[in-house]
Amino acid sequence: MTIFSVQSTIFTRASVAILSSNGLRRFSFASSSFSSNALYSSPLPKTKKRRFPIVSAVDIGGVTMARNDVVRDDDPTNNVPDSIFSKLGMQLHRRDKHPLGILKNAIYDYFDSNYAKQFEKFEDLSPIVTTKQNFDDVLVPADHVSRSLNDTYYVDSQTVLRCHTSAHQAELLREGRRRFLVTGDVYRRDSIDSTHYPVFHQMEGFCVFSPEDWSESGKDPTLYAAEDLKKCLEGLARHLFGGVEMRWVDTYFPFTEPSFELEIYFKEDWLEVLGCGVTEQRILKQSGLENNVAWAFGLGLERLAMVLFDIPDIRLFWSDDERFTSQFKKGELGVKFKPFSKYPPCYKDISFWISESFTENNFCEVVRGIAGDLVEELKLIDSFTNKKGMTSHCYRIVFRSMERSLTDEEVNDLQSKVRDEVQRKLNVELR
């Protein structure tokens, strides 16, 4: 289950294979220990001002997907940048010595111990899905903000990078799966700060009940499912965080009713752990399960891992620096991260008159496309409208590497490129 923070196209053969495939493997640069294979595209001309070589292909389920199949300059609905394409197939959640993999396995241990062989596990389903899978099958309204190009990465008008692991829910139900955990990388255009990144990882849990499950209890089926859900997730919270105080908060999601959020009192503050609820009957009916009830939950692995491992910046999860990776061991949940250095930040401001089409998410995409993980934060620090009705925004960009000190020349070059690209791509007037 997903918590939102918030024409027909003919597929190529490779695209169809991706949508139907469960396997996912990445071609990476030779310097990466993840794969010994590497594919490069020729460096772009300097006039393009690219900072890094571009990944030219990834391998998904044994089918090579070329960059041009996902990053399409000739399709106006396509908004997938190279920086996002390069993340496909990295699958941090499948690395047993990575904080996300350690956390995922700890959750697996809980379900294996308390629900032996009841929940099937899926962690390599393709992140490229149809809009029907991503939105329609989980009852996301047609006018919901998450469907917009501003929030979601579109390959074409009918294909997206999944925003949530719930995109596989209907498919698994139609295959006859009744209890399952789905873990994977998900993609959303988002703001820039220490807790947000356009690629993160989710786990979804789903459990279907038959009439014989609740008939002997004498309870209403919805109440039966809700009580079972809360018992399960309270046990999971204790498994991960110990004997903490908990509370349930009523909320709203389009795909569950009733819907809840579980919060725990941790480090002298209330922390939202996950969202969940009793699945809407429409979702079950469309999979031929009109006589059943079900519950679902969804949690963000990064959110919990940052708390459990004391990781201060979400960018660190993507670091290959041994000073980070060597601190974590398979099966050791909650080892506290020891900062290896705190390099100085570099602040740069940029002001411009915005147009009607301007959105902050688009601005963040431009900055990330140039600076990558060297940008730590982007924050609106001033806004005003003049007598002519023109609105000005002033943003502060914080550049900081997690691994080294940035030079003035390097930061000035990044800022210059940001100014050029913002004016060219976003139709704004620099001040």
# chains A, B, ... in the order shown; residues from 1 in each chain; ligands from 1
>>> select_by_dssp(residues="region 235-382 of chain A", states="helix (DSSP H, G or I)", output="PyMOL selection string")
chain A and resi 235-241+281-285+301-308+314-318+322-325+360-374
>>> residues_around(residues="Leu240 (chain A)", least_positions_apart="6", cutoff="9 Å", atoms="only C-alpha atoms", output="list in words")
Leu103, Ala106, Ile107, Tyr110, Leu308, Leu333 and Gly334 of chain A
>>> residues_around(residues="region 163-179 of chain A", least_positions_apart="6", cutoff="7 Å", atoms="only C-alpha atoms", output="list in words")
Met1, Thr2, Gln118, Phe119, Glu120, Gln133, Asn134, Asp137, Thr152, Val186, Tyr187, Arg188, Gln202, Met203, Glu204, Phe206, Cys207, Val208 and Ser287 of chain A
>>> write_last_selection(atoms="C-alpha atoms", output="mmCIF file, in the first residue's frame")
data_model
loop_
_atom_site.group_PDB
_atom_site.id
_atom_site.type_symbol
_atom_site.label_atom_id
_atom_site.label_comp_id
_atom_site.auth_asym_id
_atom_site.auth_seq_id
_atom_site.Cartn_x
_atom_site.Cartn_y
_atom_site.Cartn_z
ATOM 1 C CA MET A 1 0.000 0.000 0.000
ATOM 2 C CA THR A 2 1.296 3.415 -0.956
ATOM 3 C CA GLN A 118 2.610 -17.994 4.694
ATOM 4 C CA PHE A 119 3.939 -14.917 2.912
ATOM 5 C CA GLU A 120 5.560 -15.140 -0.521
ATOM 6 C CA GLN A 133 -0.935 -0.963 -12.833
ATOM 7 C CA ASN A 134 0.442 2.116 -11.094
ATOM 8 C CA ASP A 137 -5.597 -0.891 -10.283
ATOM 9 C CA THR A 152 5.783 10.878 -11.748
ATOM 10 C CA VAL A 186 10.274 3.280 -6.496
ATOM 11 C CA TYR A 187 10.543 6.599 -8.286
ATOM 12 C CA ARG A 188 9.009 10.024 -7.623
ATOM 13 C CA GLN A 202 9.315 0.412 -0.312
ATOM 14 C CA MET A 203 7.890 -2.791 1.079
ATOM 15 C CA GLU A 204 4.246 -3.724 0.749
ATOM 16 C CA PHE A 206 -0.811 -7.969 1.567
ATOM 17 C CA CYS A 207 -2.986 -10.601 3.242
ATOM 18 C CA VAL A 208 -6.288 -12.054 1.958
ATOM 19 C CA SER A 287 -9.381 -9.796 -9.096
#
>>> atom_distance(atom1="CA of Ile350 (chain A)", atom2="CA of Val199 (chain A)")
25.7 Å
>>> closest_residue(among="A:Leu284, A:Ile264, A:Met390, A:Leu378", to="Ser355 (chain A)", atoms="only C-alpha atoms")
A:Met390
>>> closest_residue(among="A:Ile381, A:Ala225, A:Ser210, A:Phe309", to="Asn291 (chain A)", atoms="only C-alpha atoms")
A:Ser210
>>> atom_distance(atom1="CA of Val155 (chain A)", atom2="CA of Ser126 (chain A)")
13.6 Å
>>> atom_distance(atom1="CA of Phe363 (chain A)", atom2="CA of Ala142 (chain A)")
25.1 Å
>>> closest_residue(among="A:Ser259, A:Ser86, A:Thr385, A:Asn79", to="Ser148 (chain A)", atoms="only C-alpha atoms")
A:Asn79
>>> closest_residue(among="A:Gly218, A:Pro345, A:Pro141, A:Gly89", to="Ser401 (chain A)", atoms="only C-alpha atoms")
A:Pro345
>>> decode(residues="region 127-139 of chain A", atoms="all heavy atoms", output="compact mmCIF listing (two decimals), in the first residue's frame")
# COMPACT_ATOMS: atom_id res chain seq x y z
N PRO A 127 10.56 -2.38 -12.29
CA PRO A 127 10.03 -1.07 -11.89
C PRO A 127 9.33 -0.32 -13.02
O PRO A 127 8.79 0.75 -12.78
CB PRO A 127 11.28 -0.32 -11.43
CG PRO A 127 12.38 -0.89 -12.26
CD PRO A 127 12.03 -2.35 -12.43
N ILE A 128 9.35 -0.86 -14.23
CA ILE A 128 8.66 -0.21 -15.35
C ILE A 128 7.30 -0.86 -15.50
O ILE A 128 7.19 -2.06 -15.79
CB ILE A 128 9.48 -0.33 -16.65
CG1 ILE A 128 10.86 0.31 -16.46
CG2 ILE A 128 8.74 0.32 -17.81
CD1 ILE A 128 11.75 0.23 -17.67
N VAL A 129 6.24 -0.09 -15.28
CA VAL A 129 4.88 -0.62 -15.24
C VAL A 129 3.95 0.26 -16.07
O VAL A 129 4.31 1.37 -16.46
CB VAL A 129 4.35 -0.71 -13.79
CG1 VAL A 129 5.23 -1.63 -12.95
CG2 VAL A 129 4.28 0.68 -13.14
N THR A 130 2.75 -0.22 -16.29
CA THR A 130 1.76 0.57 -17.02
C THR A 130 1.08 1.56 -16.07
O THR A 130 1.08 1.37 -14.84
CB THR A 130 0.69 -0.33 -17.65
OG1 THR A 130 -0.05 -0.99 -16.61
CG2 THR A 130 1.33 -1.37 -18.56
N THR A 131 0.47 2.58 -16.64
CA THR A 131 -0.30 3.53 -15.82
C THR A 131 -1.48 2.82 -15.17
O THR A 131 -1.91 3.20 -14.08
CB THR A 131 -0.80 4.70 -16.67
OG1 THR A 131 -1.50 4.19 -17.82
CG2 THR A 131 0.35 5.57 -17.13
N LYS A 132 -2.02 1.79 -15.83
CA LYS A 132 -3.11 1.02 -15.23
C LYS A 132 -2.64 0.33 -13.96
O LYS A 132 -3.32 0.37 -12.92
CB LYS A 132 -3.63 -0.01 -16.22
CG LYS A 132 -4.79 -0.87 -15.69
CD LYS A 132 -5.28 -1.86 -16.73
CE LYS A 132 -6.49 -2.65 -16.23
NZ LYS A 132 -6.18 -3.46 -15.03
N GLN A 133 -1.47 -0.30 -14.01
CA GLN A 133 -0.93 -0.96 -12.83
C GLN A 133 -0.64 0.04 -11.72
O GLN A 133 -0.93 -0.21 -10.54
CB GLN A 133 0.36 -1.71 -13.18
CG GLN A 133 0.18 -2.94 -14.05
CD GLN A 133 1.53 -3.50 -14.47
OE1 GLN A 133 2.30 -2.86 -15.17
NE2 GLN A 133 1.83 -4.72 -14.02
N ASN A 134 -0.04 1.15 -12.09
CA ASN A 134 0.44 2.12 -11.09
C ASN A 134 -0.68 2.93 -10.47
O ASN A 134 -0.60 3.30 -9.29
CB ASN A 134 1.45 3.07 -11.74
CG ASN A 134 2.31 3.79 -10.72
OD1 ASN A 134 3.16 3.18 -10.08
ND2 ASN A 134 2.08 5.08 -10.57
N PHE A 135 -1.72 3.22 -11.24
CA PHE A 135 -2.79 4.10 -10.76
C PHE A 135 -4.16 3.44 -10.72
O PHE A 135 -4.78 3.34 -9.66
CB PHE A 135 -2.86 5.36 -11.63
CG PHE A 135 -1.60 6.17 -11.66
CD1 PHE A 135 -0.94 6.42 -12.85
CD2 PHE A 135 -1.07 6.70 -10.49
CE1 PHE A 135 0.23 7.17 -12.88
CE2 PHE A 135 0.09 7.46 -10.50
CZ PHE A 135 0.74 7.69 -11.70
N ASP A 136 -4.63 2.98 -11.86
CA ASP A 136 -6.02 2.50 -11.95
C ASP A 136 -6.28 1.30 -11.05
O ASP A 136 -7.32 1.24 -10.37
CB ASP A 136 -6.36 2.13 -13.40
CG ASP A 136 -6.22 3.32 -14.34
OD1 ASP A 136 -6.31 4.46 -13.87
OD2 ASP A 136 -6.01 3.10 -15.54
N ASP A 137 -5.36 0.34 -11.04
CA ASP A 137 -5.60 -0.89 -10.28
C ASP A 137 -5.66 -0.67 -8.79
O ASP A 137 -6.20 -1.51 -8.05
CB ASP A 137 -4.50 -1.92 -10.60
CG ASP A 137 -4.67 -2.56 -11.97
OD1 ASP A 137 -5.75 -2.38 -12.58
OD2 ASP A 137 -3.73 -3.23 -12.44
N VAL A 138 -5.10 0.44 -8.30
CA VAL A 138 -5.16 0.74 -6.86
C VAL A 138 -6.04 1.95 -6.58
O VAL A 138 -5.91 2.61 -5.54
CB VAL A 138 -3.75 0.92 -6.26
CG1 VAL A 138 -3.03 -0.42 -6.20
CG2 VAL A 138 -2.94 1.92 -7.05
N LEU A 139 -6.93 2.26 -7.52
CA LEU A 139 -8.00 3.24 -7.34
C LEU A 139 -7.50 4.66 -7.13
O LEU A 139 -8.16 5.47 -6.46
CB LEU A 139 -8.91 2.84 -6.16
CG LEU A 139 -9.44 1.39 -6.17
CD1 LEU A 139 -10.38 1.18 -4.98
CD2 LEU A 139 -10.14 1.07 -7.47
